[in-house]
>>> print(open('model_39.csv').read())   # CSV, C-alpha atoms and all ligand atoms
chain,number,residue,atom,x,y,z
A,133,MET,CA,-20.0,17.9,14.1
A,134,ASP,CA,-18.2,21.1,15.0
A,135,ASP,CA,-18.7,23.8,12.4
A,136,ARG,CA,-15.0,24.5,12.0
A,137,LEU,CA,-14.3,20.8,11.3
A,138,GLY,CA,-17.1,20.7,8.8
A,139,GLU,CA,-15.7,23.8,7.0
A,140,LEU,CA,-12.3,22.3,6.7
A,141,LEU,CA,-13.6,19.0,5.3
A,142,ALA,CA,-15.7,21.0,2.8
A,143,GLU,CA,-12.6,23.0,1.8
A,144,GLY,CA,-10.6,19.8,1.3
A,145,LEU,CA,-13.3,18.3,-0.9
A,146,ALA,CA,-13.5,21.4,-3.0
A,147,GLY,CA,-9.8,21.4,-3.5
A,148,ASP,CA,-7.9,19.9,-6.5
A,149,GLY,CA,-5.6,17.3,-5.2
A,150,PRO,CA,-6.0,14.0,-3.4
A,151,VAL,CA,-7.5,13.4,0.0
A,152,VAL,CA,-4.5,11.8,1.8
A,153,VAL,CA,-5.0,9.7,4.9
A,154,MET,CA,-1.9,8.8,7.0
A,155,THR,CA,-2.2,6.1,9.7
A,156,GLY,CA,-0.1,4.7,12.5
A,157,ALA,CA,-0.4,2.0,15.1
A,158,GLY,CA,-3.3,3.9,16.9
A,159,ILE,CA,-5.8,2.9,14.2
A,160,SER,CA,-5.1,-0.8,14.9
A,161,ALA,CA,-5.1,-0.4,18.7
A,162,GLU,CA,-8.9,-1.0,18.7
A,163,SER,CA,-8.2,-4.3,16.9
A,164,GLY,CA,-6.1,-5.4,19.8
A,165,ILE,CA,-2.7,-5.0,18.2
A,166,PRO,CA,-0.3,-3.4,20.8
A,167,THR,CA,1.1,0.0,19.7
A,168,PHE,CA,4.8,0.0,19.1
A,169,ARG,CA,5.8,2.3,21.9
A,170,GLY,CA,3.5,0.7,24.5
A,171,GLU,CA,4.8,-1.4,27.4
A,172,GLU,CA,4.2,-4.8,26.0
A,173,GLY,CA,6.9,-5.0,23.4
A,174,TYR,CA,10.1,-6.4,25.2
A,175,TRP,CA,11.6,-9.6,23.7
A,176,THR,CA,13.8,-12.0,25.6
A,177,VAL,CA,16.8,-13.8,24.1
A,178,GLY,CA,18.5,-15.9,26.7
A,179,SER,CA,18.9,-13.7,29.7
A,180,ALA,CA,18.8,-10.4,27.7
A,181,ASN,CA,15.7,-8.2,27.2
A,182,TYR,CA,15.5,-6.3,24.0
A,183,HIS,CA,13.4,-3.3,23.3
A,184,PRO,CA,11.6,-3.2,19.9
A,185,MET,CA,13.8,-0.4,18.9
A,186,GLU,CA,16.8,-2.8,19.2
A,187,MET,CA,15.0,-5.8,17.6
A,188,ALA,CA,13.8,-3.8,14.6
A,189,THR,CA,17.2,-3.1,13.2
A,190,TYR,CA,19.3,-4.6,10.4
A,191,GLU,CA,22.1,-4.8,13.0
A,192,ALA,CA,20.1,-7.2,15.1
A,193,TYR,CA,19.1,-9.2,12.1
A,194,ARG,CA,22.7,-9.5,11.0
A,195,ARG,CA,23.7,-10.7,14.5
A,196,MET,CA,20.8,-13.0,15.2
A,197,PRO,CA,18.6,-13.6,12.2
A,198,GLU,CA,16.6,-16.5,13.7
A,199,GLU,CA,15.7,-14.5,16.8
A,200,VAL,CA,14.6,-11.5,14.8
A,201,TRP,CA,12.5,-13.9,12.6
A,202,ARG,CA,11.0,-15.5,15.7
A,203,TRP,CA,10.0,-12.0,16.9
A,204,TYR,CA,8.4,-11.2,13.6
A,205,LEU,CA,6.6,-14.5,13.3
A,206,TYR,CA,5.2,-14.0,16.7
A,207,ARG,CA,4.0,-10.4,15.8
A,208,ARG,CA,2.7,-11.7,12.5
A,209,SER,CA,0.6,-14.3,14.4
A,210,VAL,CA,-0.8,-11.5,16.6
A,211,CYS,CA,-1.7,-9.4,13.5
A,212,ARG,CA,-3.2,-12.4,11.6
A,213,ARG,CA,-5.5,-13.2,14.6
A,214,ALA,CA,-6.7,-9.6,14.8
A,215,ALA,CA,-9.5,-8.3,12.6
A,216,PRO,CA,-10.0,-4.9,11.0
A,217,ASN,CA,-12.1,-2.4,13.0
A,218,ASP,CA,-14.7,0.3,12.2
A,219,ALA,CA,-11.9,2.9,11.4
A,220,HIS,CA,-10.3,0.6,8.8
A,221,ARG,CA,-13.7,0.0,7.3
A,222,ALA,CA,-14.5,3.7,7.2
A,223,LEU,CA,-11.4,4.3,5.1
A,224,VAL,CA,-12.6,1.6,2.7
A,225,HIS,CA,-15.9,3.5,2.3
A,226,LEU,CA,-13.9,6.7,1.7
A,227,GLU,CA,-11.8,5.1,-1.0
A,228,GLU,CA,-15.0,3.7,-2.7
A,229,ALA,CA,-16.5,7.2,-2.7
A,230,LEU,CA,-13.4,9.1,-3.8
A,231,GLN,CA,-11.7,6.6,-6.0
A,232,ASP,CA,-8.5,8.1,-7.5
A,233,ARG,CA,-8.8,11.2,-5.3
A,234,PHE,CA,-8.0,8.9,-2.3
A,235,LEU,CA,-4.6,7.9,-1.1
A,236,LEU,CA,-3.7,6.0,2.1
A,237,ILE,CA,-0.2,6.2,3.6
A,238,THR,CA,0.2,3.7,6.4
A,239,GLN,CA,3.1,3.0,8.8
A,240,ASN,CA,1.4,-0.1,9.9
A,241,VAL,CA,2.9,-3.4,8.8
A,242,ASP,CA,-0.2,-5.4,10.1
A,243,GLY,CA,-1.9,-5.5,6.8
A,244,LEU,CA,-5.3,-4.6,8.3
A,245,HIS,CA,-6.1,-1.9,5.8
A,246,ARG,CA,-5.7,-4.3,2.9
A,247,ARG,CA,-7.7,-7.0,4.7
A,248,ALA,CA,-10.5,-4.5,5.4
A,249,GLY,CA,-10.6,-3.9,1.6
A,250,SER,CA,-8.3,-0.8,0.9
A,251,SER,CA,-6.8,-1.3,-2.6
A,252,ALA,CA,-3.2,-2.2,-3.1
A,253,ALA,CA,-2.8,0.6,-5.7
A,254,ARG,CA,-3.9,3.4,-3.3
A,255,THR,CA,-2.3,2.0,-0.2
A,256,PHE,CA,1.4,2.9,0.4
A,257,GLU,CA,2.8,0.6,3.1
A,258,ILE,CA,5.8,2.9,3.9
A,259,HIS,CA,7.2,0.6,6.6
A,260,GLY,CA,6.5,-2.7,4.8
A,261,ASN,CA,4.2,-5.6,5.6
A,262,ILE,CA,4.7,-8.3,8.2
A,263,ASP,CA,3.2,-10.9,5.8
A,264,VAL,CA,5.9,-10.4,3.3
A,265,MET,CA,9.5,-11.5,3.0
A,266,ARG,CA,12.2,-10.1,0.8
A,267,CYS,CA,15.2,-11.7,-0.8
A,268,GLU,CA,18.4,-9.8,0.1
A,269,ARG,CA,20.1,-10.9,-3.1
A,270,ASP,CA,17.7,-9.9,-5.8
A,271,GLY,CA,15.2,-7.7,-3.8
A,272,SER,CA,12.2,-9.8,-4.8
A,273,ARG,CA,9.2,-9.8,-2.4
A,274,HIS,CA,7.1,-12.9,-1.6
A,275,LEU,CA,4.2,-13.7,0.7
A,276,ILE,CA,5.4,-15.7,3.7
A,277,PRO,CA,4.1,-19.2,3.0
A,278,GLU,CA,0.8,-20.0,4.8
A,279,ALA,CA,2.4,-23.3,5.9
A,280,ILE,CA,4.4,-21.4,8.5
A,281,GLY,CA,1.2,-21.0,10.5
A,282,GLU,CA,-0.2,-18.4,12.9
A,283,ALA,CA,0.6,-20.1,16.2
A,284,TRP,CA,3.9,-18.5,16.9
A,285,GLY,CA,4.2,-17.6,20.6
A,286,PRO,CA,7.1,-15.8,22.4
A,287,SER,CA,8.8,-19.2,23.1
A,288,SER,CA,8.2,-21.0,19.8
A,289,PRO,CA,11.5,-22.3,18.5
A,290,PHE,CA,12.8,-21.4,15.1
A,291,THR,CA,12.6,-24.8,13.3
A,292,ASP,CA,14.4,-26.3,10.3
A,293,GLU,CA,11.0,-26.3,8.6
A,294,ALA,CA,10.5,-22.5,9.2
A,295,ARG,CA,14.0,-21.9,7.8
A,296,SER,CA,13.3,-23.8,4.7
A,297,LEU,CA,9.9,-22.1,4.2
A,298,LEU,CA,11.6,-18.7,4.6
A,299,SER,CA,14.4,-19.6,2.2
A,300,GLY,CA,12.4,-21.0,-0.7
A,301,CYS,CA,12.4,-17.8,-2.8
A,302,CYS,CA,16.1,-16.8,-2.7
A,303,PRO,CA,18.8,-17.9,-5.1
A,304,GLY,CA,21.0,-20.5,-3.5
A,305,GLY,CA,18.4,-21.1,-0.7
A,306,ALA,CA,19.5,-18.1,1.3
A,307,LEU,CA,17.2,-17.0,4.2
A,308,ALA,CA,14.9,-14.1,3.1
A,309,ARG,CA,14.4,-11.2,5.5
A,310,PRO,CA,11.2,-9.6,6.8
A,311,HIS,CA,9.9,-6.9,4.3
A,312,VAL,CA,9.9,-4.1,6.9
A,313,LEU,CA,11.8,-0.9,7.2
A,314,TRP,CA,14.2,-1.1,10.2
A,315,PHE,CA,15.3,1.8,12.4
A,316,ASP,CA,18.9,1.7,11.0
A,317,GLU,CA,17.6,1.8,7.3
A,318,THR,CA,16.4,4.5,5.1
A,319,TYR,CA,13.2,5.0,3.1
A,320,ASP,CA,13.3,4.4,-0.7
A,321,GLU,CA,10.8,4.5,-3.5
A,322,GLU,CA,11.0,1.0,-4.7
A,323,ASN,CA,10.1,-0.7,-1.4
A,324,PHE,CA,8.6,2.0,0.7
A,325,ARG,CA,7.1,4.7,-1.7
A,326,PHE,CA,9.2,7.5,-0.4
A,327,HIS,CA,8.9,9.9,-3.3
A,328,SER,CA,5.3,9.1,-4.0
A,329,SER,CA,4.4,9.9,-0.4
A,330,ILE,CA,6.2,13.3,-0.7
A,331,ASP,CA,4.4,14.0,-4.0
A,332,ALA,CA,1.1,13.2,-2.4
A,333,ALA,CA,1.8,15.6,0.4
A,334,VAL,CA,2.7,18.4,-2.0
A,335,GLY,CA,-0.5,17.9,-3.9
A,336,ALA,CA,-2.9,17.0,-1.1
A,337,ALA,CA,-6.2,18.9,-0.9
A,338,LEU,CA,-6.7,17.5,2.6
A,339,LEU,CA,-4.6,15.4,5.0
A,340,ILE,CA,-6.1,13.2,7.8
A,341,VAL,CA,-3.6,11.9,10.2
A,342,ILE,CA,-4.7,9.0,12.5
A,343,GLY,CA,-3.1,7.3,15.5
A,344,THR,CA,0.6,8.1,15.2
A,345,SER,CA,3.1,9.5,17.7
A,346,GLY,CA,5.1,11.3,15.0
A,347,SER,CA,8.3,9.4,15.8
A,348,THR,CA,9.3,8.6,12.2
A,349,ASN,CA,10.8,10.8,9.5
A,350,LEU,CA,8.6,10.4,6.4
A,351,PRO,CA,5.3,10.9,8.1
A,352,MET,CA,6.6,14.1,9.8
A,353,GLN,CA,7.8,15.4,6.4
A,354,VAL,CA,4.3,14.7,5.0
A,355,GLY,CA,2.7,16.6,7.9
A,356,ALA,CA,5.1,19.5,7.7
A,357,ILE,CA,4.6,19.9,3.9
A,358,VAL,CA,0.9,20.0,4.2
A,359,ALA,CA,1.0,22.4,7.1
A,360,ARG,CA,3.5,24.7,5.3
A,361,ARG,CA,1.2,24.8,2.2
A,362,GLY,CA,-1.8,25.8,4.5
A,363,SER,CA,-3.9,22.9,3.2
A,364,PRO,CA,-6.5,21.5,5.6
A,365,MET,CA,-5.1,19.0,8.1
A,366,ILE,CA,-7.2,16.9,10.5
A,367,VAL,CA,-5.5,15.0,13.2
A,368,ILE,CA,-7.2,12.2,15.1
A,369,ASN,CA,-5.2,10.9,18.1
A,370,ARG,CA,-5.9,9.5,21.6
A,371,ASP,CA,-3.0,11.7,22.9
A,372,PRO,CA,-1.5,15.0,21.9
A,373,SER,CA,1.4,14.5,19.4
A,374,PRO,CA,3.7,16.5,17.1
A,375,PHE,CA,0.9,16.2,14.5
A,376,SER,CA,-1.8,17.6,16.9
A,377,GLU,CA,0.6,20.5,17.6
A,378,MET,CA,1.1,21.1,13.9
A,379,ALA,CA,-2.7,21.1,13.4
A,380,GLU,CA,-3.2,23.5,16.3
A,381,ARG,CA,-0.6,25.9,14.9
A,382,SER,CA,-2.0,25.8,11.4
A,383,ALA,CA,-5.0,28.1,10.4
A,384,ALA,CA,-6.4,25.1,8.5
A,385,GLY,CA,-5.7,22.5,11.2
A,386,TYR,CA,-8.1,20.7,13.5
A,387,PHE,CA,-7.3,18.2,16.3
A,388,CYS,CA,-9.9,15.5,17.2
A,389,HIS,CA,-8.7,14.3,20.6
A,390,GLY,CA,-9.8,10.7,21.2
A,391,PRO,CA,-10.0,7.3,19.6
A,392,ALA,CA,-10.1,6.7,15.9
A,393,GLY,CA,-13.1,4.5,16.1
A,394,GLU,CA,-15.1,7.4,17.5
A,395,HIS,CA,-13.8,10.3,15.4
A,396,LEU,CA,-13.2,8.8,12.0
A,397,PRO,CA,-16.7,7.4,11.0
A,398,PRO,CA,-18.5,10.8,11.2
A,399,ILE,CA,-15.7,12.5,9.3
A,400,VAL,CA,-15.9,9.8,6.5
A,401,ALA,CA,-19.7,10.2,6.6
A,402,ARG,CA,-19.3,13.9,5.9
A,403,LEU,CA,-16.8,13.4,3.2
A,404,THR,CA,-18.9,10.8,1.4
A,405,GLY,CA,-22.1,12.7,1.8
A,406,ALA,CA,-23.6,9.7,3.8
A,407,ASP,CA,-24.6,12.0,6.7
A,408,ARG,CA,-26.9,13.9,4.4
A,409,SER,CA,-28.6,11.0,2.6
B,1,LIG,N1,-7.1,6.0,18.4
B,1,LIG,C1,-6.3,7.0,18.0
B,1,LIG,N2,-5.0,7.1,18.4
B,1,LIG,C2,-4.6,6.1,19.3
B,1,LIG,C3,-5.4,5.1,19.7
B,1,LIG,C4,-6.7,5.0,19.2
B,1,LIG,N3,-7.6,4.1,19.6
B,1,LIG,N4,-4.6,4.3,20.5
B,1,LIG,C5,-3.4,4.8,20.6
B,1,LIG,N5,-3.4,5.9,19.8
B,1,LIG,C6,-2.2,6.8,19.6
B,1,LIG,C7,-1.3,7.0,20.7
B,1,LIG,O1,-1.6,8.1,21.5
B,1,LIG,C8,0.0,7.3,19.9
B,1,LIG,O2,0.2,8.7,19.7
B,1,LIG,O3,-1.5,6.2,18.5
B,1,LIG,C9,-0.1,6.6,18.6
B,1,LIG,C10,0.7,5.3,18.4
B,1,LIG,O4,2.0,5.6,18.4
B,1,LIG,P1,3.2,4.6,18.2
B,1,LIG,O5,3.0,3.4,19.0
B,1,LIG,O6,4.5,5.3,18.3
B,1,LIG,O7,3.0,4.1,16.7
B,1,LIG,P2,3.4,4.8,15.3
B,1,LIG,O8,3.3,6.3,15.4
B,1,LIG,O9,2.6,4.1,14.2
B,1,LIG,O10,4.9,4.4,15.2
B,1,LIG,C11,5.5,4.7,14.0
B,1,LIG,O11,7.6,3.6,14.4
B,1,LIG,O12,7.9,2.0,15.7
B,1,LIG,C12,8.0,2.3,14.5
B,1,LIG,O13,7.9,1.3,12.4
B,1,LIG,C13,7.2,1.5,13.6
B,1,LIG,O14,5.4,2.1,12.1
B,1,LIG,C14,6.0,2.3,13.4
B,1,LIG,C15,6.5,3.7,13.5
>>> encode(input="model_39.csv", output="C-alpha cells", more="lines below")
Ligand code: APR
Amino acid sequence: MDDRLGELLAEGLAGDGPVVVMTGAGISAESGIPTFRGEEGYWTVGSANYHPMEMATYEAYRRMPEEVWRWYLYRRSVCRRAAPNDAHRALVHLEEALQDRFLLITQNVDGLHRRAGSSAARTFEIHGNIDVMRCERDGSRHLIPEAIGEAWGPSSPFTDEARSLLSGCCPGGALARPHVLWFDETYDEENFRFHSSIDAAVGAALLIVIGTSGSTNLPMQVGAIVARRGSPMIVINRDPSPFSEMAERSAAGYFCHGPAGEHLPPIVARLTGADRS
C-alpha cells in the first residue's frame, strides 16, 4: 500500500468520530447491476423511450403508475438475481471490526449491502430500497410481497394480481408506491436519513467514498463537509469524479483510481489490522 494512503487511514483510525463509508452504483457494478448513468437504462412505453431520469420521478408515477411499477419490478428482479461481491463483504468485515464507529451511507437501492450482512442500524439507505413499498396515505413501509416474484422482464405486463399485492398495505386498498427517492423529490430524515447523514459527515474521522459519480445532492454535501473540515477522505472510483477532485484538492485526500473490488479489500485489511496478523 502507498505510504500516504496508509498514513491517512492511520490518522482516520486515531481520530474520534465514526469511519463513514459512502457508496454508489459503482460498488454493485461488479455484481452485474448496471450503473444508473450507463447506456442500458432506457425504458419503452408504447412508441416512446424514457430515460431513467424521466422514469424515476413522482411526475411519471402520477401519470403512469403501472409503467413506473413495471420498470421497478424489472429492476428489482435484476437486483434480486445479483449477489453481493467482495467489496460489499469487505464492508461487513469493517463493520464487525469497528462496530459503533462504523457507518454506511448508500445511494444504492439494490439492497446488496444488507444482503451481504451490513446491519440495518448502521446502514443509511438514502435513496430508499427497491424491495420496499410505501403507502402514500400513511407513510408506512412494507416489504414487497415475495409472491410478486423475480421474473419480471422488460415486457412483463402489470397484472391484476400484481396490483392487488402492491395494494395490500394501504388503507382503502390504494396502490402503494416504490420506496425510493425520485429526482423531483427532496431528502428527509424520516425516510432517507438526511440529517443523520449530515451529522455523520460533521463528526467523521474518515470518509471513504466508493463508486459514485457525484450527481446527487446529499452525497456531495457529505463530501464537501468532510473536505472542508480537513478530515481524511479516500475516494475509490473507476473514473475521475467530483469526489476524486475533492480528494485531490484536499491535503488529507487520496484517490484510488480503479475498481472497488481491487482497492477496497486492502484498505479494509489495513483498517481492521488483518494485514498485520
Ligand atoms: N468500481 C468503482 N467505481 C465504479 C465501478 C467499479 N467497479 N464501476 C463503475 N464505477 C463508477 C463510475 O465511474 C461512476 O463514477 O461508479 C460511478 C457510478 O455512477 P452513477 O451510475 O451515476 O451512480 P451513482 O453515483 O450511484 O448515482 C447516484 O443517482 O441516479 C440516481 O438515485 C440514483 O442512487 C443513484 C444516484
>>> atom_distance(input="model_39.csv", atom1="CA of Ser347 (chain A)", atom2="CA of Ala253 (chain A)")
25.7 Å
>>> residues_around(input="model_39.csv", residues="region 150-160 of chain A", least_positions_apart="4", cutoff="7 Å", atoms="all atoms listed in the file", output="VMD selection string")
chain A and resid 164 to 165 167 to 168 219 233 to 240 335 to 344 392
>>> closest_residue(input="model_39.csv", among="A:Gly405, A:Pro364, A:Gly138, A:Pro374", to="Met352 (chain A)", atoms="all atoms listed in the file")
A:Pro374
>>> axis_aligned_box(input="model_39.csv", around="ligand LIG 1 (chain B)", padding_each_side="4 Å", output="JSON")
{"center_x": 0.2, "center_y": 5.0, "center_z": 16.8, "size_x": 23.6, "size_y": 15.4, "size_z": 17.4}
>>> closest_residue(input="model_39.csv", among="A:Glu257, A:Glu322, A:Glu282, A:Asp148", to="ligand LIG 1 (chain B)", atoms="all atoms listed in the file")
A:Glu257
>>> closest_residue(input="model_39.csv", among="A:Ser179, A:Asn349, A:Asn369, A:Ser299", to="ligand LIG 1 (chain B)", atoms="all atoms listed in the file")
A:Asn369
>>> residues_near_point(input="model_39.csv", point="(-22.8, 12.3, 1.0)", cutoff="12 Å", atoms="all atoms listed in the file", output="ChimeraX atom specification")
/A:142,145,225-226,229-230,398-409
>>> write_last_selection(input="model_39.csv", atoms="C-alpha atoms", output="tab-separated table (two decimals), keeping the file's coordinate frame")
chain	number	residue	atom	x	y	z
A	142	ALA	CA	-15.70	21.00	2.80
A	145	LEU	CA	-13.30	18.30	-0.90
A	225	HIS	CA	-15.90	3.50	2.30
A	226	LEU	CA	-13.90	6.70	1.70
A	229	ALA	CA	-16.50	7.20	-2.70
A	230	LEU	CA	-13.40	9.10	-3.80
A	398	PRO	CA	-18.50	10.80	11.20
A	399	ILE	CA	-15.70	12.50	9.30
A	400	VAL	CA	-15.90	9.80	6.50
A	401	ALA	CA	-19.70	10.20	6.60
A	402	ARG	CA	-19.30	13.90	5.90
A	403	LEU	CA	-16.80	13.40	3.20
A	404	THR	CA	-18.90	10.80	1.40
A	405	GLY	CA	-22.10	12.70	1.80
A	406	ALA	CA	-23.60	9.70	3.80
A	407	ASP	CA	-24.60	12.00	6.70
A	408	ARG	CA	-26.90	13.90	4.40
A	409	SER	CA	-28.60	11.00	2.60
>>> atom_distance(input="model_39.csv", atom1="CA of Ala161 (chain A)", atom2="CA of Asp320 (chain A)")
27.2 Å
>>> closest_residue(input="model_39.csv", among="A:Gly249, A:Gly304, A:Gly260, A:Gly362", to="ligand LIG 1 (chain B)", atoms="only C-alpha atoms and all ligand atoms")
A:Gly260
>>> residues_around(input="model_39.csv", residues="His389 (chain A)", least_positions_apart="2", cutoff="12 Å", atoms="all atoms listed in the file", output="ChimeraX atom specification")
/A:341-343,366-373,375-377,379-380,386-387,391-396
>>> closest_residue(input="model_39.csv", among="A:Ser251, A:Ser382, A:Ser288, A:Ser345", to="ligand LIG 1 (chain B)", atoms="all atoms listed in the file")
A:Ser345
>>> atom_distance(input="model_39.csv", atom1="CA of Asn217 (chain A)", atom2="atom N3 of ligand LIG 1 (chain B)")
10.3 Å
>>> closest_residue(input="model_39.csv", among="A:Gly285, A:Gly147, A:Pro351, A:Pro277", to="ligand LIG 1 (chain B)", atoms="only C-alpha atoms and all ligand atoms")
A:Pro351
